[in-house]
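Asks: Contents of structure.pdb (PDB, C-alpha atoms) are given next:
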ATOM      1  CA  LEU G  28      94.015 111.144  31.188
ATOM      2  CA  LEU G  29      90.892 112.208  29.399
ATOM      3  CA  GLN G  30      91.219 114.152  26.180
ATOM      4  CA  ALA G  31      91.857 117.880  26.908
ATOM      5  CA  GLU G  32      92.102 117.298  30.669
ATOM      6  CA  HIS G  33      95.306 118.061  32.531
ATOM      7  CA  VAL G  34      94.423 116.563  35.906
ATOM      8  CA  THR G  35      92.085 113.655  36.678
ATOM      9  CA  VAL G  36      91.277 111.816  39.879
ATOM     10  CA  GLY G  37      89.510 108.554  40.556
ATOM     11  CA  LEU G  38      88.166 106.784  43.616
ATOM     12  CA  ALA G  39      90.291 105.285  46.388
ATOM     13  CA  LEU G  40      88.199 102.695  48.208
ATOM     14  CA  ALA G  41      88.906 100.164  50.929
ATOM     15  CA  THR G  42      89.748  96.626  49.915
ATOM     16  CA  PRO G  43      86.744  94.342  49.418
ATOM     17  CA  GLY G  44      85.554  92.862  52.678
ATOM     18  CA  SER G  45      86.890  95.662  54.854
ATOM     19  CA  THR G  46      84.845  98.571  56.094
ATOM     20  CA  GLY G  47      86.084 101.747  54.472
ATOM     21  CA  LEU G  48      85.425 104.604  56.852
ATOM     22  CA  TYR G  49      85.306 107.135  54.035
ATOM     23  CA  ASP G  50      84.169 105.117  51.020
ATOM     24  CA  ARG G  51      80.703 106.715  50.989
ATOM     25  CA  GLY G  52      82.176 110.223  51.252
ATOM     26  CA  ALA G  53      84.687 109.496  48.504
ATOM     27  CA  ARG G  54      81.907 108.346  46.187
ATOM     28  CA  GLN G  55      79.845 111.450  46.976
ATOM     29  CA  ALA G  56      82.781 113.777  46.325
ATOM     30  CA  LEU G  57      83.335 112.298  42.881
ATOM     31  CA  GLU G  58      79.706 112.936  41.931
ATOM     32  CA  SER G  59      80.900 116.444  41.079
ATOM     33  CA  ARG G  60      82.458 116.776  37.652
ATOM     34  CA  TYR G  61      85.364 118.841  38.977
ATOM     35  CA  LEU G  62      86.942 118.874  42.436
ATOM     36  CA  THR G  63      88.773 121.574  44.346
ATOM     37  CA  GLU G  64      90.977 119.137  46.232
ATOM     38  CA  CYS G  65      91.905 115.472  46.232
ATOM     39  CA  SER G  66      94.473 113.016  47.434
ATOM     40  CA  THR G  67      97.117 111.683  45.078
ATOM     41  CA  ILE G  68      96.399 107.994  45.631
ATOM     42  CA  ASN G  69      94.510 107.843  42.308
ATOM     43  CA  LEU G  70      95.577 111.021  40.529
ATOM     44  CA  GLY G  71      96.785 111.480  36.987
ATOM     45  CA  PHE G  72      98.245 114.706  35.646
ATOM     46  CA  ARG G  73     100.150 116.021  32.673
ATOM     47  CA  ARG G  74     103.754 117.072  33.195
ATOM     48  CA  GLU G  75     102.803 120.583  32.089
ATOM     49  CA  ALA G  76     100.439 120.967  35.084
ATOM     50  CA  PHE G  77     103.006 119.506  37.490
ATOM     51  CA  ASP G  78     105.712 121.891  36.289
ATOM     52  CA  ALA G  79     103.367 124.898  36.266
ATOM     53  CA  VAL G  80     102.867 124.665  40.035
ATOM     54  CA  GLY G  81     106.373 123.521  40.924
ATOM     55  CA  GLY G  82     105.485 119.938  41.818
ATOM     56  CA  PHE G  83     104.975 118.758  45.359
ATOM     57  CA  ASP G  84     106.041 120.748  48.403
ATOM     58  CA  GLU G  85     108.381 118.297  50.109
ATOM     59  CA  GLY G  86     108.135 120.329  53.329
ATOM     60  CA  PHE G  87     104.888 118.516  54.081
ATOM     61  CA  ALA G  88     105.129 115.116  55.741
ATOM     62  CA  TYR G  89     101.356 114.816  55.181
ATOM     63  CA  GLY G  90      99.056 117.030  53.164
ATOM     64  CA  SER G  91     101.344 117.617  50.192
ATOM     65  CA  ASP G  92      98.669 116.119  47.948
ATOM     66  CA  VAL G  93      96.039 118.668  49.028
ATOM     67  CA  ASP G  94      98.613 121.465  48.758
ATOM     68  CA  PHE G  95      99.379 120.283  45.224
ATOM     69  CA  ALA G  96      95.666 120.174  44.335
ATOM     70  CA  TRP G  97      95.029 123.628  45.782
ATOM     71  CA  ARG G  98      97.955 125.089  43.846
ATOM     72  CA  LEU G  99      96.676 123.427  40.671
ATOM     73  CA  THR G 100      93.201 124.924  41.069
ATOM     74  CA  ASP G 101      94.658 128.302  42.049
ATOM     75  CA  ALA G 102      96.687 128.188  38.814
ATOM     76  CA  GLY G 103      93.516 127.591  36.788
ATOM     77  CA  TYR G 104      93.726 123.822  36.319
ATOM     78  CA  ARG G 105      90.596 121.809  36.895
ATOM     79  CA  ILE G 106      90.667 118.430  38.611
ATOM     80  CA  ARG G 107      88.294 116.206  36.666
ATOM     81  CA  SER G 108      86.630 113.388  38.574
ATOM     82  CA  VAL G 109      86.639 109.951  36.982
ATOM     83  CA  PRO G 110      84.502 107.796  39.308
ATOM     84  CA  ASP G 111      85.025 104.668  37.204
ATOM     85  CA  ALA G 112      88.788 104.750  37.879
ATOM     86  CA  ILE G 113      88.987 102.829  41.148
ATOM     87  CA  VAL G 114      91.989 101.960  43.282
ATOM     88  CA  ARG G 115      91.549  99.592  46.230
ATOM     89  CA  HIS G 116      93.713 100.309  49.244
ATOM     90  CA  ASP G 117      94.250  98.581  52.581
ATOM     91  CA  TRP G 118      93.864 101.478  55.012
ATOM     92  CA  GLY G 119      95.019  99.339  57.935
ATOM     93  CA  GLU G 120      93.521  98.678  61.306
ATOM     94  CA  TRP G 121      91.672 101.146  63.541
ATOM     95  CA  ARG G 122      94.769 102.326  65.435
ATOM     96  CA  ARG G 123      96.512 103.193  62.187
ATOM     97  CA  GLN G 124      93.439 105.160  61.089
ATOM     98  CA  LEU G 125      93.482 107.190  64.316
ATOM     99  CA  ARG G 126      97.141 108.036  63.827
ATOM    100  CA  ARG G 127      96.371 109.060  60.245
ATOM    101  CA  SER G 128      93.510 111.286  61.429
ATOM    102  CA  TYR G 129      95.793 113.007  63.933
ATOM    103  CA  VAL G 130      98.571 113.725  61.426
ATOM    104  CA  TYR G 131      96.029 114.791  58.794
ATOM    105  CA  GLY G 132      94.602 117.255  61.310
ATOM    106  CA  LYS G 133      98.078 118.658  61.892
ATOM    107  CA  ALA G 134      98.645 118.801  58.131
ATOM    108  CA  ARG G 135      95.343 120.629  57.562
ATOM    109  CA  MET G 136      96.441 123.391  59.922
ATOM    110  CA  ARG G 137      99.772 123.662  58.091
ATOM    111  CA  LEU G 138      97.858 123.873  54.801
ATOM    112  CA  TYR G 139      95.801 126.803  56.087
ATOM    113  CA  ARG G 140      98.961 128.542  57.256
ATOM    114  CA  LYS G 141     100.417 128.231  53.771
ATOM    115  CA  HIS G 142      97.149 129.004  51.960
ATOM    116  CA  HIS G 143      95.810 131.578  54.430
ATOM    117  CA  GLU G 144      93.498 133.098  51.801
ATOM    118  CA  ARG G 145      91.400 129.913  52.055
ATOM    119  CA  LEU G 146      90.589 130.669  55.693
ATOM    120  CA  ARG G 147      87.890 133.093  54.517
ATOM    121  CA  ARG G 148      85.926 130.121  53.165
ATOM    122  CA  VAL G 149      86.872 127.510  55.760
ATOM    123  CA  LEU G 150      83.429 127.281  57.389
ATOM    124  CA  ARG G 151      81.768 126.756  54.026
ATOM    125  CA  ASP G 152      84.405 124.559  52.374
ATOM    126  CA  ASP G 153      85.913 122.690  55.314
ATOM    127  CA  PRO G 154      83.711 122.959  58.423
ATOM    128  CA  MET G 155      85.307 119.901  60.041
ATOM    129  CA  ALA G 156      88.562 121.845  60.396
ATOM    130  CA  VAL G 157      86.751 124.328  62.660
ATOM    131  CA  VAL G 158      83.859 122.493  64.286
ATOM    132  CA  TYR G 159      85.760 119.665  65.976
ATOM    133  CA  PRO G 160      88.625 121.773  67.367
ATOM    134  CA  VAL G 161      86.108 124.332  68.679
ATOM    135  CA  PHE G 162      84.039 121.539  70.202
ATOM    136  CA  LEU G 163      87.123 120.162  71.963
ATOM    137  CA  LEU G 164      88.062 123.606  73.276
ATOM    138  CA  GLY G 165      84.516 123.933  74.617
ATOM    139  CA  LEU G 166      84.569 120.678  76.595
ATOM    140  CA  PRO G 167      85.170 122.509  79.899
ATOM    141  CA  LEU G 168      81.689 123.986  79.372
ATOM    142  CA  THR G 169      80.383 120.563  80.355
ATOM    143  CA  ILE G 170      80.808 121.674  83.973
ATOM    144  CA  LEU G 171      78.174 124.395  83.451
ATOM    145  CA  PHE G 172      76.238 122.734  80.647
ATOM    146  CA  PRO G 173      76.216 118.971  81.265
ATOM    147  CA  PHE G 174      74.513 118.342  77.949
ATOM    148  CA  TYR G 175      77.261 120.048  75.906
ATOM    149  CA  PRO G 176      78.630 116.678  74.650
ATOM    150  CA  ALA G 177      75.133 115.965  73.269
ATOM    151  CA  LEU G 178      76.090 118.272  70.399
ATOM    152  CA  LEU G 179      77.881 115.212  69.003
ATOM    153  CA  LEU G 180      74.497 113.604  68.373
ATOM    154  CA  VAL G 181      74.180 115.656  65.166
ATOM    155  CA  PRO G 182      77.306 114.278  63.430
ATOM    156  CA  ALA G 183      76.633 110.867  64.996
ATOM    157  CA  TRP G 184      73.222 110.777  63.307
ATOM    158  CA  ARG G 185      74.609 112.013  59.995
ATOM    159  CA  ASN G 186      77.301 109.306  60.029
ATOM    160  CA  ARG G 187      75.233 106.459  61.452
ATOM    161  CA  SER G 188      75.642 104.297  58.341
ATOM    162  CA  ASP G 189      79.450 104.510  58.594
ATOM    163  CA  GLY G 190      79.565 103.676  62.309
ATOM    164  CA  ALA G 191      78.769 106.799  64.305
ATOM    165  CA  VAL G 192      81.185 106.181  67.175
ATOM    166  CA  ARG G 193      84.008 105.259  64.823
ATOM    167  CA  VAL G 194      83.492 108.418  62.752
ATOM    168  CA  LEU G 195      83.203 110.672  65.810
ATOM    169  CA  VAL G 196      86.396 109.306  67.350
ATOM    170  CA  ASP G 197      88.136 109.744  64.005
ATOM    171  CA  HIS G 198      86.916 113.340  63.610
ATOM    172  CA  LEU G 199      87.733 114.270  67.201
ATOM    173  CA  THR G 200      91.239 112.854  66.731
ATOM    174  CA  TYR G 201      91.540 115.005  63.602
ATOM    175  CA  GLY G 202      90.484 118.000  65.710
ATOM    176  CA  VAL G 203      93.143 117.150  68.292
ATOM    177  CA  GLY G 204      95.709 117.156  65.477
ATOM    178  CA  ILE G 205      94.598 120.623  64.369
ATOM    179  CA  LEU G 206      94.842 121.935  67.933
ATOM    180  CA  ALA G 207      98.243 120.302  68.451
ATOM    181  CA  GLU G 208      99.588 122.048  65.365
ATOM    182  CA  LEU G 209      98.122 125.366  66.515
ATOM    183  CA  ILE G 210      99.779 125.044  69.923
ATOM    184  CA  THR G 211     103.185 123.876  68.700
ATOM    185  CA  ARG G 212     103.736 126.579  66.119
TER     186      ARG G 212
END
If you convert what's in this file into C-alpha cells, what do you get?

Replies:
Amino acid sequence: LLQAEHVTVGLALATPGSTGLYDRGARQALESRYLTECSTINLGFRREAFDAVGGFDEGFAYGSDVDFAWRLTDAGYRIRSVPDAIVRHDWGEWRRQLRRSYVYGKARMRLYRKHHERLRRVLRDDPMAVVYPVFLLGLPLTILFPFYPALLLVPAWRNRSDGAVRVLVDHLTYGVGILAELITR
C-alpha cells in the first residue's frame, strides 16, 4: 500500500497472447487517481478499512467485491489506482466469459437492491446496467420498427477495437442477467 492510503487497486489484465475483452477499459479506468468501484483481483487494503465496513458480504455469490468497494467509498475511504501494479489472469474461453457476464448482470441488480440510493445516479455512473436490459425489453418493437436492432451499431462502433460482436454479445448477456434477477426476485 502507498503511504497514507488505506485502499489501493491495480490492473487485472488478460494473460499475454490472449485477447482480454476488457483490458482497454481496465486501463482507462485506472487513469483516474481514485476509483468509486473495483474488483478485488488486485486490491490491497489496510485491516482498519476492512473492519470499518464489516468486511465482505458473504451473501453475494458474485459482486461482493463491488459491494465492498461501494461500502468503502460510502464510509469515506478512497480507492487509489496504481496502474503499475499488474496482475495477469486467464479469464478462460468465450463460453466461460458469457457465463460470467450473465452472473455479473444478476449480481449488479442485487447490488442496486442493496445500495438503492445509487439508483439515482445509475444512468450517469452505470449506463450499461440500464441500456442493455431496456434494449432487450424493446426487442418486440422490431415488429413495428424493423431497424430497432440497428441501435446496436452505436456500441458496436465504440467497441470495434475490442471485437464489436464479442462485446455486444457479452453486454447483451449481462443485460439478460439483470432482467433474470429482476424477474426472479

Asks: Using only C-alpha atoms, which residue out of G:Thr63, G:Gln55, G:Thr169, G:Ser45 lies closest to G:Gly119?

Replies: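 Among G:Thr63, G:Gln55, G:Thr169, G:Ser45, it is G:Ser45 that comes nearest to G:Gly119.
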
Asks: Report the centre and edge lengths, in Å to one decimal, of an axis-aligned box enclosing every atom of stretch 177-187 of chain G listed in the file, padded by 3 Å on each side, as JSON.

Replies:
{"center_x": 75.6, "center_y": 112.4, "center_z": 66.6, "size_x": 10.7, "size_y": 17.8, "size_z": 19.3}

Asks: Restricting the calculation to only C-alpha atoms, which member of G:Ser188, G:Thr211, G:Ser91, G:Gln124 is positioned closest to G:Ser66?

Replies: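 Closest candidate: G:Ser91.
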
Asks: Starting from the displayed file, determine the output of the PyMOL selection byres ((chain G and resi 36) around 10) and express the residue list as a PDB file with C-alpha atoms, keeping the file's coordinate frame.

Replies:
ATOM      1  CA  LEU G  28      94.015 111.144  31.188  1.00  0.00           C
ATOM      2  CA  VAL G  34      94.423 116.563  35.906  1.00  0.00           C
ATOM      3  CA  THR G  35      92.085 113.655  36.678  1.00  0.00           C
ATOM      4  CA  GLY G  37      89.510 108.554  40.556  1.00  0.00           C
ATOM      5  CA  LEU G  38      88.166 106.784  43.616  1.00  0.00           C
ATOM      6  CA  ALA G  39      90.291 105.285  46.388  1.00  0.00           C
ATOM      7  CA  LEU G  57      83.335 112.298  42.881  1.00  0.00           C
ATOM      8  CA  TYR G  61      85.364 118.841  38.977  1.00  0.00           C
ATOM      9  CA  LEU G  62      86.942 118.874  42.436  1.00  0.00           C
ATOM     10  CA  GLU G  64      90.977 119.137  46.232  1.00  0.00           C
ATOM     11  CA  CYS G  65      91.905 115.472  46.232  1.00  0.00           C
ATOM     12  CA  SER G  66      94.473 113.016  47.434  1.00  0.00           C
ATOM     13  CA  THR G  67      97.117 111.683  45.078  1.00  0.00           C
ATOM     14  CA  ILE G  68      96.399 107.994  45.631  1.00  0.00           C
ATOM     15  CA  ASN G  69      94.510 107.843  42.308  1.00  0.00           C
ATOM     16  CA  LEU G  70      95.577 111.021  40.529  1.00  0.00           C
ATOM     17  CA  GLY G  71      96.785 111.480  36.987  1.00  0.00           C
ATOM     18  CA  PHE G  72      98.245 114.706  35.646  1.00  0.00           C
ATOM     19  CA  ILE G 106      90.667 118.430  38.611  1.00  0.00           C
ATOM     20  CA  ARG G 107      88.294 116.206  36.666  1.00  0.00           C
ATOM     21  CA  SER G 108      86.630 113.388  38.574  1.00  0.00           C
ATOM     22  CA  VAL G 109      86.639 109.951  36.982  1.00  0.00           C
ATOM     23  CA  PRO G 110      84.502 107.796  39.308  1.00  0.00           C
ATOM     24  CA  ASP G 111      85.025 104.668  37.204  1.00  0.00           C
ATOM     25  CA  ALA G 112      88.788 104.750  37.879  1.00  0.00           C
ATOM     26  CA  ILE G 113      88.987 102.829  41.148  1.00  0.00           C
TER      27      ILE G 113
END

Asks: Given only C-alpha atoms as the basis, pick out the residue of G:His33, G:His143, G:Ser59, G:Ala134 nearest to G:Ala102.

Replies: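 Nearest to G:Ala102: G:His33.
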
Asks: Would you kindly translate the PyMOL selection byres ((chain G and resi 198) around 9) into the concrete residues it picks from this file, as a list of chain:residue names?

Replies: G:Ser128, G:Tyr129, G:Gly132, G:Met155, G:Tyr159, G:Arg193, G:Val194, G:Leu195, G:Val196, G:Asp197, G:Leu199, G:Thr200, G:Tyr201, G:Gly202, G:Val203

Asks: Can you pull out the residues contacting stretch 171-182 of chain G? Cut-off 10 Å, using all atoms listed in the file, and skip same-chain residues under 3 positions away; I want them as a list in words.

Replies: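 Those residues are Tyr159, Phe162, Leu163, Gly165, Leu166, Pro167, Leu168, Arg185, Asn186, Arg187, Ala191, Val192, Val194, Leu195 and His198 of chain G.
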
Asks: Take the selection from the previous step and output its residues with C-alpha atoms, as a CSV table (one decimal), keeping the file's coordinate frame.

Replies:
chain,number,residue,atom,x,y,z
G,159,TYR,CA,85.8,119.7,66.0
G,162,PHE,CA,84.0,121.5,70.2
G,163,LEU,CA,87.1,120.2,72.0
G,165,GLY,CA,84.5,123.9,74.6
G,166,LEU,CA,84.6,120.7,76.6
G,167,PRO,CA,85.2,122.5,79.9
G,168,LEU,CA,81.7,124.0,79.4
G,185,ARG,CA,74.6,112.0,60.0
G,186,ASN,CA,77.3,109.3,60.0
G,187,ARG,CA,75.2,106.5,61.5
G,191,ALA,CA,78.8,106.8,64.3
G,192,VAL,CA,81.2,106.2,67.2
G,194,VAL,CA,83.5,108.4,62.8
G,195,LEU,CA,83.2,110.7,65.8
G,198,HIS,CA,86.9,113.3,63.6

Asks: For a test of reading the model, state the distance in Å between atom CA of G:Ala183 and atom CA of G:Leu40, rounded to one decimal.

Replies: 22.0 Å

Asks: Please return stretch 81-103 of chain G, rebuilt to N, CA and C atoms, as a compact mmCIF listing (two decimals), in the coordinates of the input.

Replies:
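Contents of selection_7.txt, freshly written:
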# COMPACT_ATOMS: atom_id res chain seq x y z
N GLY G 81 105.14 123.84 40.22
CA GLY G 81 106.37 123.52 40.92
C GLY G 81 106.37 122.18 41.64
N GLY G 82 105.50 121.27 41.22
CA GLY G 82 105.48 119.94 41.82
C GLY G 82 104.98 119.92 43.24
N PHE G 83 105.41 118.92 43.97
CA PHE G 83 104.98 118.76 45.36
C PHE G 83 105.87 119.53 46.31
N ASP G 84 105.29 120.07 47.36
CA ASP G 84 106.04 120.75 48.40
C ASP G 84 106.53 119.68 49.37
N GLU G 85 107.80 119.37 49.30
CA GLU G 85 108.38 118.30 50.11
C GLU G 85 108.49 118.67 51.59
N GLY G 86 108.14 119.91 51.93
CA GLY G 86 108.14 120.33 53.33
C GLY G 86 106.99 119.72 54.12
N PHE G 87 106.02 119.16 53.42
CA PHE G 87 104.89 118.52 54.08
C PHE G 87 105.18 117.03 54.28
N ALA G 88 105.06 116.56 55.51
CA ALA G 88 105.13 115.12 55.74
C ALA G 88 103.80 114.49 55.32
N TYR G 89 102.71 115.19 55.59
CA TYR G 89 101.36 114.82 55.18
C TYR G 89 100.70 116.07 54.64
N GLY G 90 99.79 115.89 53.71
CA GLY G 90 99.06 117.03 53.16
C GLY G 90 99.64 117.61 51.90
N SER G 91 100.75 117.06 51.41
CA SER G 91 101.34 117.62 50.19
C SER G 91 100.43 117.39 48.99
N ASP G 92 99.59 116.37 49.05
CA ASP G 92 98.67 116.12 47.95
C ASP G 92 97.60 117.20 47.88
N VAL G 93 97.05 117.60 49.02
CA VAL G 93 96.04 118.67 49.03
C VAL G 93 96.68 120.00 48.65
N ASP G 94 97.89 120.25 49.14
CA ASP G 94 98.61 121.46 48.76
C ASP G 94 98.80 121.51 47.24
N PHE G 95 99.19 120.39 46.67
CA PHE G 95 99.38 120.28 45.22
C PHE G 95 98.06 120.57 44.49
N ALA G 96 96.98 119.96 44.97
CA ALA G 96 95.67 120.17 44.34
C ALA G 96 95.22 121.63 44.45
N TRP G 97 95.41 122.22 45.61
CA TRP G 97 95.03 123.63 45.78
C TRP G 97 95.84 124.53 44.87
N ARG G 98 97.13 124.27 44.74
CA ARG G 98 97.96 125.09 43.85
C ARG G 98 97.55 124.89 42.39
N LEU G 99 97.17 123.67 42.04
CA LEU G 99 96.68 123.43 40.67
C LEU G 99 95.43 124.25 40.39
N THR G 100 94.45 124.18 41.31
CA THR G 100 93.20 124.92 41.07
C THR G 100 93.44 126.43 41.12
N ASP G 101 94.33 126.87 42.00
CA ASP G 101 94.66 128.30 42.05
C ASP G 101 95.31 128.76 40.75
N ALA G 102 96.03 127.86 40.08
CA ALA G 102 96.69 128.19 38.81
C ALA G 102 95.75 128.05 37.62
N GLY G 103 94.49 127.67 37.88
CA GLY G 103 93.52 127.59 36.79
C GLY G 103 93.29 126.20 36.23
